[in-house]
$ cat model_38.cif   # mmCIF, N, CA and C atoms
data_protein
#
loop_
_atom_site.label_atom_id
_atom_site.label_comp_id
_atom_site.auth_asym_id
_atom_site.auth_seq_id
_atom_site.Cartn_x
_atom_site.Cartn_y
_atom_site.Cartn_z
N MET F 25 0.82 -1.18 0.00
CA MET F 25 0.00 0.00 0.00
C MET F 25 0.87 1.25 0.00
N GLY F 26 1.90 1.37 0.79
CA GLY F 26 2.74 2.56 0.82
C GLY F 26 2.10 3.67 1.62
N VAL F 27 2.28 4.90 1.16
CA VAL F 27 1.76 6.06 1.87
C VAL F 27 0.25 6.13 1.71
N SER F 28 -0.45 6.38 2.81
CA SER F 28 -1.89 6.56 2.75
C SER F 28 -2.26 7.80 3.55
N VAL F 29 -3.29 8.47 3.10
CA VAL F 29 -3.79 9.67 3.76
C VAL F 29 -5.25 9.41 4.11
N SER F 30 -5.56 9.43 5.40
CA SER F 30 -6.94 9.26 5.83
C SER F 30 -7.65 10.59 5.68
N VAL F 31 -8.71 10.60 4.90
CA VAL F 31 -9.47 11.82 4.63
C VAL F 31 -10.94 11.56 4.91
N GLY F 32 -11.68 12.62 5.05
CA GLY F 32 -13.11 12.48 5.26
C GLY F 32 -13.81 13.75 4.86
N VAL F 33 -15.03 13.59 4.38
CA VAL F 33 -15.82 14.76 4.03
C VAL F 33 -16.58 15.16 5.29
N ILE F 34 -16.14 16.25 5.88
CA ILE F 34 -16.79 16.75 7.09
C ILE F 34 -17.50 18.02 6.69
N LYS F 35 -18.81 17.98 6.73
CA LYS F 35 -19.61 19.11 6.27
C LYS F 35 -19.24 20.38 7.02
N PHE F 36 -19.12 21.45 6.29
CA PHE F 36 -18.90 22.78 6.82
C PHE F 36 -17.55 22.97 7.49
N ASN F 37 -16.59 22.06 7.28
CA ASN F 37 -15.27 22.26 7.88
C ASN F 37 -14.27 22.53 6.77
N TYR F 38 -14.21 23.76 6.37
CA TYR F 38 -13.33 24.19 5.28
C TYR F 38 -11.87 23.95 5.62
N CYS F 39 -11.48 24.17 6.88
CA CYS F 39 -10.08 24.03 7.29
C CYS F 39 -9.58 22.60 7.06
N ILE F 40 -10.36 21.62 7.49
CA ILE F 40 -9.95 20.21 7.31
C ILE F 40 -9.90 19.86 5.83
N LYS F 41 -10.88 20.32 5.06
CA LYS F 41 -10.89 20.04 3.62
C LYS F 41 -9.64 20.64 2.97
N LYS F 42 -9.28 21.87 3.33
CA LYS F 42 -8.10 22.53 2.77
C LYS F 42 -6.83 21.77 3.16
N GLN F 43 -6.73 21.31 4.40
CA GLN F 43 -5.55 20.55 4.84
C GLN F 43 -5.42 19.26 4.06
N GLN F 44 -6.53 18.55 3.85
CA GLN F 44 -6.50 17.31 3.07
C GLN F 44 -6.03 17.58 1.65
N GLN F 45 -6.57 18.63 1.03
CA GLN F 45 -6.18 18.99 -0.33
C GLN F 45 -4.70 19.38 -0.38
N ASP F 46 -4.23 20.07 0.64
CA ASP F 46 -2.84 20.50 0.71
C ASP F 46 -1.90 19.29 0.73
N VAL F 47 -2.20 18.31 1.59
CA VAL F 47 -1.37 17.11 1.69
C VAL F 47 -1.38 16.33 0.38
N MET F 48 -2.57 16.04 -0.12
CA MET F 48 -2.67 15.23 -1.33
C MET F 48 -2.12 15.96 -2.55
N GLY F 49 -2.31 17.26 -2.62
CA GLY F 49 -1.76 18.04 -3.72
C GLY F 49 -0.24 18.04 -3.72
N PHE F 50 0.36 18.16 -2.52
CA PHE F 50 1.82 18.13 -2.41
C PHE F 50 2.35 16.76 -2.84
N LEU F 51 1.73 15.70 -2.35
CA LEU F 51 2.17 14.35 -2.70
C LEU F 51 2.07 14.12 -4.21
N ALA F 52 0.95 14.52 -4.79
CA ALA F 52 0.76 14.34 -6.24
C ALA F 52 1.77 15.17 -7.03
N ALA F 53 1.99 16.43 -6.63
CA ALA F 53 2.92 17.31 -7.34
C ALA F 53 4.35 16.78 -7.31
N ASN F 54 4.68 16.07 -6.23
CA ASN F 54 6.03 15.52 -6.08
C ASN F 54 6.10 14.06 -6.49
N LYS F 55 5.04 13.59 -7.14
CA LYS F 55 4.97 12.23 -7.67
C LYS F 55 5.24 11.17 -6.60
N ILE F 56 4.72 11.43 -5.41
CA ILE F 56 4.80 10.46 -4.31
C ILE F 56 3.48 9.68 -4.35
N GLU F 57 3.57 8.39 -4.63
CA GLU F 57 2.36 7.57 -4.72
C GLU F 57 1.71 7.48 -3.34
N PHE F 58 0.38 7.59 -3.34
CA PHE F 58 -0.36 7.48 -2.08
C PHE F 58 -1.75 6.95 -2.36
N GLU F 59 -2.37 6.48 -1.31
CA GLU F 59 -3.74 6.00 -1.38
C GLU F 59 -4.58 6.90 -0.49
N GLU F 60 -5.70 7.34 -1.02
CA GLU F 60 -6.64 8.16 -0.27
C GLU F 60 -7.62 7.21 0.42
N CYS F 61 -7.67 7.26 1.74
CA CYS F 61 -8.56 6.37 2.51
C CYS F 61 -9.68 7.20 3.11
N ASP F 62 -10.87 7.09 2.53
CA ASP F 62 -12.01 7.89 2.97
C ASP F 62 -12.59 7.30 4.25
N ILE F 63 -12.54 8.08 5.32
CA ILE F 63 -13.06 7.59 6.60
C ILE F 63 -14.52 7.97 6.80
N ALA F 64 -15.05 8.85 5.95
CA ALA F 64 -16.46 9.24 6.06
C ALA F 64 -17.37 8.19 5.43
N ALA F 65 -16.94 7.63 4.31
CA ALA F 65 -17.78 6.68 3.57
C ALA F 65 -17.46 5.23 3.90
N ASN F 66 -16.38 4.98 4.63
CA ASN F 66 -15.95 3.61 4.88
C ASN F 66 -15.65 3.41 6.37
N GLU F 67 -16.51 2.72 7.05
CA GLU F 67 -16.38 2.50 8.49
C GLU F 67 -15.09 1.75 8.84
N ALA F 68 -14.69 0.80 7.98
CA ALA F 68 -13.45 0.05 8.25
C ALA F 68 -12.24 0.98 8.22
N ASN F 69 -12.21 1.93 7.26
CA ASN F 69 -11.11 2.91 7.21
C ASN F 69 -11.09 3.78 8.46
N ARG F 70 -12.28 4.23 8.88
CA ARG F 70 -12.38 5.08 10.08
C ARG F 70 -11.87 4.33 11.31
N LYS F 71 -12.31 3.09 11.46
CA LYS F 71 -11.90 2.28 12.61
C LYS F 71 -10.38 2.05 12.58
N TRP F 72 -9.85 1.73 11.40
CA TRP F 72 -8.40 1.47 11.28
C TRP F 72 -7.61 2.72 11.65
N MET F 73 -8.03 3.88 11.13
CA MET F 73 -7.31 5.13 11.43
C MET F 73 -7.33 5.39 12.93
N ARG F 74 -8.48 5.30 13.54
CA ARG F 74 -8.60 5.58 14.98
C ARG F 74 -7.76 4.63 15.82
N GLU F 75 -7.69 3.37 15.41
CA GLU F 75 -6.91 2.39 16.16
C GLU F 75 -5.42 2.55 15.96
N ASN F 76 -4.99 3.18 14.86
CA ASN F 76 -3.57 3.25 14.53
C ASN F 76 -2.91 4.61 14.76
N VAL F 77 -3.67 5.60 15.21
CA VAL F 77 -3.06 6.85 15.64
C VAL F 77 -2.59 6.62 17.07
N PRO F 78 -1.29 6.78 17.34
CA PRO F 78 -0.76 6.51 18.68
C PRO F 78 -1.42 7.37 19.75
N GLU F 79 -1.49 6.85 20.95
CA GLU F 79 -2.13 7.53 22.07
C GLU F 79 -1.59 8.95 22.27
N GLU F 80 -0.27 9.10 22.15
CA GLU F 80 0.35 10.42 22.39
C GLU F 80 0.03 11.43 21.28
N SER F 81 -0.52 10.96 20.17
CA SER F 81 -0.87 11.85 19.06
C SER F 81 -2.36 12.12 18.98
N ARG F 82 -3.11 11.60 19.92
CA ARG F 82 -4.56 11.79 19.91
C ARG F 82 -4.92 13.11 20.59
N PRO F 83 -6.05 13.70 20.19
CA PRO F 83 -6.50 14.90 20.88
C PRO F 83 -6.94 14.58 22.30
N ALA F 84 -6.95 15.58 23.17
CA ALA F 84 -7.34 15.36 24.56
C ALA F 84 -8.76 14.84 24.67
N THR F 85 -9.63 15.31 23.80
CA THR F 85 -11.02 14.83 23.78
C THR F 85 -11.40 14.48 22.35
N GLY F 86 -12.27 13.53 22.19
CA GLY F 86 -12.74 13.14 20.87
C GLY F 86 -11.76 12.25 20.13
N ASN F 87 -12.02 12.10 18.85
CA ASN F 87 -11.21 11.24 17.99
C ASN F 87 -10.29 12.07 17.11
N PRO F 88 -9.19 11.46 16.62
CA PRO F 88 -8.32 12.17 15.68
C PRO F 88 -9.09 12.54 14.42
N LEU F 89 -8.83 13.73 13.91
CA LEU F 89 -9.48 14.19 12.69
C LEU F 89 -8.53 14.07 11.52
N PRO F 90 -9.07 13.91 10.33
CA PRO F 90 -8.22 13.86 9.15
C PRO F 90 -7.64 15.24 8.85
N PRO F 91 -6.58 15.30 8.09
CA PRO F 91 -5.85 14.17 7.52
C PRO F 91 -4.87 13.56 8.52
N GLN F 92 -4.78 12.25 8.52
CA GLN F 92 -3.79 11.49 9.27
C GLN F 92 -2.99 10.73 8.22
N ILE F 93 -1.67 10.70 8.38
CA ILE F 93 -0.80 10.15 7.34
C ILE F 93 -0.06 8.93 7.86
N PHE F 94 -0.06 7.88 7.05
CA PHE F 94 0.58 6.61 7.40
C PHE F 94 1.46 6.16 6.24
N ASN F 95 2.47 5.35 6.56
CA ASN F 95 3.23 4.62 5.56
C ASN F 95 3.07 3.16 5.94
N GLU F 96 2.29 2.45 5.15
CA GLU F 96 1.85 1.10 5.50
C GLU F 96 1.10 1.20 6.83
N THR F 97 1.61 0.54 7.88
CA THR F 97 0.96 0.62 9.19
C THR F 97 1.67 1.60 10.12
N LYS F 98 2.77 2.21 9.66
CA LYS F 98 3.52 3.16 10.50
C LYS F 98 2.86 4.52 10.45
N TYR F 99 2.55 5.06 11.63
CA TYR F 99 1.96 6.38 11.71
C TYR F 99 3.03 7.43 11.46
N CYS F 100 2.78 8.32 10.51
CA CYS F 100 3.73 9.40 10.20
C CYS F 100 3.36 10.67 10.95
N GLY F 101 2.07 11.00 10.96
CA GLY F 101 1.65 12.20 11.68
C GLY F 101 0.38 12.79 11.11
N ASN F 102 0.02 13.95 11.68
CA ASN F 102 -1.17 14.67 11.23
C ASN F 102 -0.76 15.82 10.33
N TYR F 103 -1.69 16.71 10.03
CA TYR F 103 -1.39 17.81 9.12
C TYR F 103 -0.30 18.72 9.67
N GLU F 104 -0.36 19.04 10.95
CA GLU F 104 0.64 19.94 11.53
C GLU F 104 2.05 19.37 11.41
N ALA F 105 2.20 18.07 11.66
CA ALA F 105 3.51 17.43 11.53
C ALA F 105 3.95 17.41 10.07
N PHE F 106 3.02 17.16 9.16
CA PHE F 106 3.33 17.20 7.72
C PHE F 106 3.78 18.60 7.32
N PHE F 107 3.05 19.62 7.77
CA PHE F 107 3.38 21.00 7.43
C PHE F 107 4.78 21.36 7.93
N ASP F 108 5.09 20.97 9.17
CA ASP F 108 6.43 21.23 9.72
C ASP F 108 7.50 20.56 8.88
N ALA F 109 7.27 19.30 8.50
CA ALA F 109 8.25 18.57 7.67
C ALA F 109 8.42 19.25 6.32
N ARG F 110 7.34 19.72 5.76
CA ARG F 110 7.41 20.41 4.47
C ARG F 110 8.21 21.70 4.58
N GLU F 111 8.00 22.45 5.65
CA GLU F 111 8.73 23.70 5.87
C GLU F 111 10.23 23.45 6.05
N GLU F 112 10.57 22.29 6.59
CA GLU F 112 11.97 21.94 6.85
C GLU F 112 12.59 21.12 5.71
N ASN F 113 11.88 21.00 4.58
CA ASN F 113 12.34 20.17 3.45
C ASN F 113 12.67 18.76 3.92
N ALA F 114 11.77 18.18 4.71
CA ALA F 114 12.01 16.84 5.27
C ALA F 114 10.79 15.93 5.11
N VAL F 115 10.01 16.14 4.05
CA VAL F 115 8.79 15.35 3.87
C VAL F 115 9.10 13.87 3.63
N TYR F 116 10.13 13.58 2.83
CA TYR F 116 10.45 12.17 2.57
C TYR F 116 10.83 11.45 3.86
N ALA F 117 11.62 12.09 4.70
CA ALA F 117 11.98 11.50 6.00
C ALA F 117 10.72 11.33 6.85
N PHE F 118 9.86 12.33 6.85
CA PHE F 118 8.60 12.27 7.60
C PHE F 118 7.78 11.06 7.16
N LEU F 119 7.76 10.80 5.85
CA LEU F 119 6.98 9.69 5.31
C LEU F 119 7.71 8.35 5.40
N GLY F 120 8.97 8.36 5.83
CA GLY F 120 9.74 7.12 5.90
C GLY F 120 10.21 6.67 4.53
N LEU F 121 10.39 7.63 3.61
CA LEU F 121 10.83 7.33 2.25
C LEU F 121 12.22 7.91 2.01
N THR F 122 12.91 7.39 1.00
CA THR F 122 14.21 7.94 0.60
C THR F 122 13.97 9.10 -0.35
N ALA F 123 14.60 10.23 -0.05
CA ALA F 123 14.46 11.41 -0.92
C ALA F 123 15.11 11.12 -2.26
N PRO F 124 14.48 11.51 -3.36
CA PRO F 124 15.07 11.26 -4.68
C PRO F 124 16.30 12.13 -4.90
N PRO F 125 17.28 11.60 -5.63
CA PRO F 125 18.49 12.39 -5.92
C PRO F 125 18.11 13.72 -6.59
N GLY F 126 18.79 14.76 -6.18
CA GLY F 126 18.55 16.08 -6.75
C GLY F 126 17.47 16.88 -6.05
N SER F 127 16.72 16.25 -5.15
CA SER F 127 15.69 16.98 -4.43
C SER F 127 16.33 17.85 -3.35
N LYS F 128 15.62 18.88 -2.92
CA LYS F 128 16.14 19.75 -1.86
C LYS F 128 16.45 18.95 -0.60
N GLU F 129 15.60 17.99 -0.32
CA GLU F 129 15.80 17.17 0.87
C GLU F 129 17.05 16.30 0.75
N ALA F 130 17.27 15.69 -0.41
CA ALA F 130 18.47 14.87 -0.61
C ALA F 130 19.72 15.72 -0.52
N GLU F 131 19.68 16.93 -1.10
CA GLU F 131 20.83 17.83 -1.04
C GLU F 131 21.12 18.25 0.41
N ALA F 132 20.07 18.53 1.17
CA ALA F 132 20.24 18.91 2.59
C ALA F 132 20.83 17.75 3.39
N GLN F 133 20.37 16.53 3.11
CA GLN F 133 20.91 15.36 3.81
C GLN F 133 22.38 15.15 3.45
N ALA F 134 22.73 15.32 2.18
CA ALA F 134 24.12 15.15 1.76
C ALA F 134 25.01 16.20 2.40
N LYS F 135 24.53 17.41 2.46
CA LYS F 135 25.28 18.51 3.09
C LYS F 135 25.47 18.23 4.58
N LYS F 136 24.42 17.77 5.22
CA LYS F 136 24.48 17.46 6.66
C LYS F 136 25.49 16.32 6.90
N GLY F 137 25.47 15.30 6.04
CA GLY F 137 26.41 14.17 6.17
C GLY F 137 27.84 14.60 5.95
N ALA F 138 28.07 15.53 5.05
CA ALA F 138 29.44 16.01 4.77
C ALA F 138 29.99 16.83 5.93
N GLN F 139 29.10 17.46 6.71
CA GLN F 139 29.54 18.28 7.83
C GLN F 139 29.90 17.45 9.05
N GLN F 140 29.47 16.22 9.09
CA GLN F 140 29.71 15.37 10.27
C GLN F 140 31.06 14.69 10.20
#
$ encode --input "model_38.cif" --output "structure tokens"
Amino acid sequence: MGVSVSVGVIKFNYCIKKQQQDVMGFLAANKIEFEECDIAANEANRKWMRENVPEESRPATGNPLPPQIFNETKYCGNYEAFFDAREENAVYAFLGLTAPPGSKEAEAQAKKGAQQ
């Protein structure tokens, strides 16, 4: 399966819809294969997402909201963690993937390795 993004259509929640579009748009633009897992229309997807978001990453009350990002069964994070990784040019590391040669992230990793 690889990278999956748990999404859901939540009526009247523009912020969540925009975050979902932001994650999926970034992945598509960077040719990172992913699967969109709709938690609104599929109870099994919703149950799986809720069971696989680690306790320390859950909100104080209620259930985790989309988007939640996974690589296979490994939890990568929510939108805020994705956004931080994107700002730091570390999305591939965030997703548990190898950055492609020539990418900003690969260049940053090479530079960091040369300094050590």
$ atom_distance --input "model_38.cif" --atom1 "CA of Ser127 in chain F" --atom2 "atom N of Ile56 in chain F"
12.3 Å
$ resolve_selection --input "model_38.cif" --expression "the PyMOL selection byres ((chain F and resi 73-79) around 8)" --output "JSON, numbers by chain"
{"F": [30, 63, 67, 68, 69, 70, 71, 72, 80, 81, 82, 83, 87, 88, 92, 97, 98, 99, 100]}
$ residues_around --input "model_38.cif" --residues "Glu112 in chain F" --least-positions-apart "6" --cutoff "8 Å" --atoms "only N, CA and C atoms" --output "short mmCIF file (atom, residue, chain, number, x, y, z; two decimals) with N, CA and C atoms, in the coordinates of the input"
data_model
loop_
_atom_site.label_atom_id
_atom_site.label_comp_id
_atom_site.auth_asym_id
_atom_site.auth_seq_id
_atom_site.Cartn_x
_atom_site.Cartn_y
_atom_site.Cartn_z
N PHE F 106 3.02 17.16 9.16
CA PHE F 106 3.33 17.20 7.72
C PHE F 106 3.78 18.60 7.32
N LYS F 128 15.62 18.88 -2.92
CA LYS F 128 16.14 19.75 -1.86
C LYS F 128 16.45 18.95 -0.60
N GLU F 129 15.60 17.99 -0.32
CA GLU F 129 15.80 17.17 0.87
C GLU F 129 17.05 16.30 0.75
#
$ closest_residue --input "model_38.cif" --among "F:Cys39, F:Ala114, F:Val29, F:Val47" --to "Asp62 in chain F" --atoms "only N, CA and C atoms"
F:Val29
$ closest_residue --input "model_38.cif" --among "F:Val115, F:Ala134, F:Leu51, F:Ala64" --to "Leu89 in chain F" --atoms "only C-alpha atoms"
F:Ala64
$ residues_around --input "model_38.cif" --residues "range 117-126 of chain F" --least-positions-apart "3" --cutoff "7 Å" --atoms "all atoms listed in the file" --output "PyMOL selection string"
chain F and resi 94-95+100-101+109+113-114+129-131
$ atom_distance --input "model_38.cif" --atom1 "atom N of Ser28 in chain F" --atom2 "CA of Phe58 in chain F"
5.0 Å
$ closest_residue --input "model_38.cif" --among "F:Phe50, F:Thr85, F:Pro90, F:Val31" --to "Ala65 in chain F" --atoms "all atoms listed in the file"
F:Val31
$ select_by_dssp --input "model_38.cif" --residues "chain F" --states "strand (DSSP E)" --output "PyMOL selection string"
chain F and resi 27-31+58-62+92-95+98-102
$ atom_distance --input "model_38.cif" --atom1 "CA of Gly86 in chain F" --atom2 "CA of Asn102 in chain F"
15.1 Å
$ closest_residue --input "model_38.cif" --among "F:Tyr116, F:Asn66, F:Lys135, F:Tyr103" --to "Lys42 in chain F" --atoms "only C-alpha atoms"
F:Tyr103
$ closest_residue --input "model_38.cif" --among "F:Met48, F:Gln140, F:Ala132, F:Ala53" --to "Ile93 in chain F" --atoms "only C-alpha atoms"
F:Met48
$ select_by_dssp --input "model_38.cif" --residues "range 89-140 of chain F" --states "helix (DSSP H, G or I)" --output "list of chain:residue names"
F:Tyr103, F:Glu104, F:Ala105, F:Phe106, F:Phe107, F:Asp108, F:Ala109, F:Arg110, F:Glu111, F:Val115, F:Tyr116, F:Ala117, F:Phe118, F:Leu119, F:Lys128, F:Glu129, F:Ala130, F:Glu131, F:Ala132, F:Gln133, F:Ala134, F:Lys135, F:Lys136, F:Gly137, F:Ala138, F:Gln139
$ closest_residue --input "model_38.cif" --among "F:Pro91, F:Ala105, F:Lys136, F:Cys61" --to "Ile40 in chain F" --atoms "only C-alpha atoms"
F:Pro91
$ decode --input "model_38.cif" --residues "range 56-80 of chain F" --atoms "N, CA, C and O atoms" --output "PDB file, in the first residue's frame"
ATOM      1  N   ILE F  56       4.721  11.433  -5.407  1.00  0.00           N
ATOM      2  CA  ILE F  56       4.799  10.455  -4.313  1.00  0.00           C
ATOM      3  C   ILE F  56       3.484   9.682  -4.345  1.00  0.00           C
ATOM      4  O   ILE F  56       2.407  10.257  -4.159  1.00  0.00           O
ATOM      5  N   GLU F  57       3.571   8.388  -4.633  1.00  0.00           N
ATOM      6  CA  GLU F  57       2.362   7.569  -4.717  1.00  0.00           C
ATOM      7  C   GLU F  57       1.712   7.482  -3.342  1.00  0.00           C
ATOM      8  O   GLU F  57       2.386   7.317  -2.327  1.00  0.00           O
ATOM      9  N   PHE F  58       0.382   7.585  -3.339  1.00  0.00           N
ATOM     10  CA  PHE F  58      -0.360   7.481  -2.082  1.00  0.00           C
ATOM     11  C   PHE F  58      -1.750   6.948  -2.355  1.00  0.00           C
ATOM     12  O   PHE F  58      -2.226   6.970  -3.491  1.00  0.00           O
ATOM     13  N   GLU F  59      -2.366   6.482  -1.309  1.00  0.00           N
ATOM     14  CA  GLU F  59      -3.735   5.998  -1.375  1.00  0.00           C
ATOM     15  C   GLU F  59      -4.582   6.903  -0.494  1.00  0.00           C
ATOM     16  O   GLU F  59      -4.218   7.192   0.638  1.00  0.00           O
ATOM     17  N   GLU F  60      -5.696   7.342  -1.024  1.00  0.00           N
ATOM     18  CA  GLU F  60      -6.644   8.155  -0.268  1.00  0.00           C
ATOM     19  C   GLU F  60      -7.623   7.207   0.420  1.00  0.00           C
ATOM     20  O   GLU F  60      -8.288   6.415  -0.239  1.00  0.00           O
ATOM     21  N   CYS F  61      -7.673   7.257   1.739  1.00  0.00           N
ATOM     22  CA  CYS F  61      -8.555   6.371   2.507  1.00  0.00           C
ATOM     23  C   CYS F  61      -9.684   7.200   3.107  1.00  0.00           C
ATOM     24  O   CYS F  61      -9.473   7.931   4.075  1.00  0.00           O
ATOM     25  N   ASP F  62     -10.872   7.093   2.530  1.00  0.00           N
ATOM     26  CA  ASP F  62     -12.014   7.893   2.967  1.00  0.00           C
ATOM     27  C   ASP F  62     -12.591   7.304   4.251  1.00  0.00           C
ATOM     28  O   ASP F  62     -13.072   6.180   4.265  1.00  0.00           O
ATOM     29  N   ILE F  63     -12.538   8.079   5.325  1.00  0.00           N
ATOM     30  CA  ILE F  63     -13.060   7.594   6.602  1.00  0.00           C
ATOM     31  C   ILE F  63     -14.525   7.968   6.795  1.00  0.00           C
ATOM     32  O   ILE F  63     -15.171   7.475   7.716  1.00  0.00           O
ATOM     33  N   ALA F  64     -15.053   8.845   5.947  1.00  0.00           N
ATOM     34  CA  ALA F  64     -16.457   9.236   6.057  1.00  0.00           C
ATOM     35  C   ALA F  64     -17.366   8.186   5.425  1.00  0.00           C
ATOM     36  O   ALA F  64     -18.431   7.890   5.952  1.00  0.00           O
ATOM     37  N   ALA F  65     -16.941   7.631   4.310  1.00  0.00           N
ATOM     38  CA  ALA F  65     -17.776   6.682   3.572  1.00  0.00           C
ATOM     39  C   ALA F  65     -17.459   5.226   3.901  1.00  0.00           C
ATOM     40  O   ALA F  65     -18.191   4.335   3.490  1.00  0.00           O
ATOM     41  N   ASN F  66     -16.377   4.980   4.634  1.00  0.00           N
ATOM     42  CA  ASN F  66     -15.955   3.605   4.884  1.00  0.00           C
ATOM     43  C   ASN F  66     -15.651   3.414   6.366  1.00  0.00           C
ATOM     44  O   ASN F  66     -14.630   3.897   6.869  1.00  0.00           O
ATOM     45  N   GLU F  67     -16.511   2.719   7.047  1.00  0.00           N
ATOM     46  CA  GLU F  67     -16.379   2.503   8.493  1.00  0.00           C
ATOM     47  C   GLU F  67     -15.093   1.752   8.838  1.00  0.00           C
ATOM     48  O   GLU F  67     -14.452   2.032   9.848  1.00  0.00           O
ATOM     49  N   ALA F  68     -14.686   0.801   7.984  1.00  0.00           N
ATOM     50  CA  ALA F  68     -13.450   0.048   8.247  1.00  0.00           C
ATOM     51  C   ALA F  68     -12.237   0.975   8.219  1.00  0.00           C
ATOM     52  O   ALA F  68     -11.336   0.856   9.057  1.00  0.00           O
ATOM     53  N   ASN F  69     -12.206   1.933   7.264  1.00  0.00           N
ATOM     54  CA  ASN F  69     -11.107   2.905   7.211  1.00  0.00           C
ATOM     55  C   ASN F  69     -11.093   3.782   8.457  1.00  0.00           C
ATOM     56  O   ASN F  69     -10.040   4.078   9.017  1.00  0.00           O
ATOM     57  N   ARG F  70     -12.278   4.232   8.883  1.00  0.00           N
ATOM     58  CA  ARG F  70     -12.378   5.080  10.075  1.00  0.00           C
ATOM     59  C   ARG F  70     -11.875   4.330  11.315  1.00  0.00           C
ATOM     60  O   ARG F  70     -11.081   4.849  12.089  1.00  0.00           O
ATOM     61  N   LYS F  71     -12.311   3.088  11.459  1.00  0.00           N
ATOM     62  CA  LYS F  71     -11.895   2.277  12.611  1.00  0.00           C
ATOM     63  C   LYS F  71     -10.383   2.049  12.582  1.00  0.00           C
ATOM     64  O   LYS F  71      -9.700   2.191  13.598  1.00  0.00           O
ATOM     65  N   TRP F  72      -9.846   1.726  11.401  1.00  0.00           N
ATOM     66  CA  TRP F  72      -8.404   1.468  11.279  1.00  0.00           C
ATOM     67  C   TRP F  72      -7.606   2.719  11.653  1.00  0.00           C
ATOM     68  O   TRP F  72      -6.637   2.643  12.385  1.00  0.00           O
ATOM     69  N   MET F  73      -8.029   3.884  11.126  1.00  0.00           N
ATOM     70  CA  MET F  73      -7.315   5.125  11.431  1.00  0.00           C
ATOM     71  C   MET F  73      -7.329   5.388  12.932  1.00  0.00           C
ATOM     72  O   MET F  73      -6.290   5.661  13.533  1.00  0.00           O
ATOM     73  N   ARG F  74      -8.481   5.299  13.544  1.00  0.00           N
ATOM     74  CA  ARG F  74      -8.603   5.584  14.984  1.00  0.00           C
ATOM     75  C   ARG F  74      -7.764   4.631  15.818  1.00  0.00           C
ATOM     76  O   ARG F  74      -7.177   5.024  16.816  1.00  0.00           O
ATOM     77  N   GLU F  75      -7.691   3.375  15.411  1.00  0.00           N
ATOM     78  CA  GLU F  75      -6.914   2.386  16.159  1.00  0.00           C
ATOM     79  C   GLU F  75      -5.416   2.553  15.962  1.00  0.00           C
ATOM     80  O   GLU F  75      -4.629   2.122  16.804  1.00  0.00           O
ATOM     81  N   ASN F  76      -4.986   3.180  14.857  1.00  0.00           N
ATOM     82  CA  ASN F  76      -3.567   3.248  14.529  1.00  0.00           C
ATOM     83  C   ASN F  76      -2.913   4.606  14.760  1.00  0.00           C
ATOM     84  O   ASN F  76      -1.707   4.743  14.545  1.00  0.00           O
ATOM     85  N   VAL F  77      -3.668   5.596  15.208  1.00  0.00           N
ATOM     86  CA  VAL F  77      -3.064   6.854  15.636  1.00  0.00           C
ATOM     87  C   VAL F  77      -2.587   6.621  17.072  1.00  0.00           C
ATOM     88  O   VAL F  77      -3.384   6.253  17.933  1.00  0.00           O
ATOM     89  N   PRO F  78      -1.287   6.784  17.339  1.00  0.00           N
ATOM     90  CA  PRO F  78      -0.763   6.506  18.682  1.00  0.00           C
ATOM     91  C   PRO F  78      -1.425   7.375  19.751  1.00  0.00           C
ATOM     92  O   PRO F  78      -1.853   8.501  19.481  1.00  0.00           O
ATOM     93  N   GLU F  79      -1.493   6.846  20.950  1.00  0.00           N
ATOM     94  CA  GLU F  79      -2.129   7.530  22.074  1.00  0.00           C
ATOM     95  C   GLU F  79      -1.586   8.945  22.271  1.00  0.00           C
ATOM     96  O   GLU F  79      -2.337   9.892  22.477  1.00  0.00           O
ATOM     97  N   GLU F  80      -0.266   9.105  22.152  1.00  0.00           N
ATOM     98  CA  GLU F  80       0.355  10.420  22.387  1.00  0.00           C
ATOM     99  C   GLU F  80       0.032  11.431  21.284  1.00  0.00           C
ATOM    100  O   GLU F  80       0.261  12.623  21.452  1.00  0.00           O
TER     101      GLU F  80
END
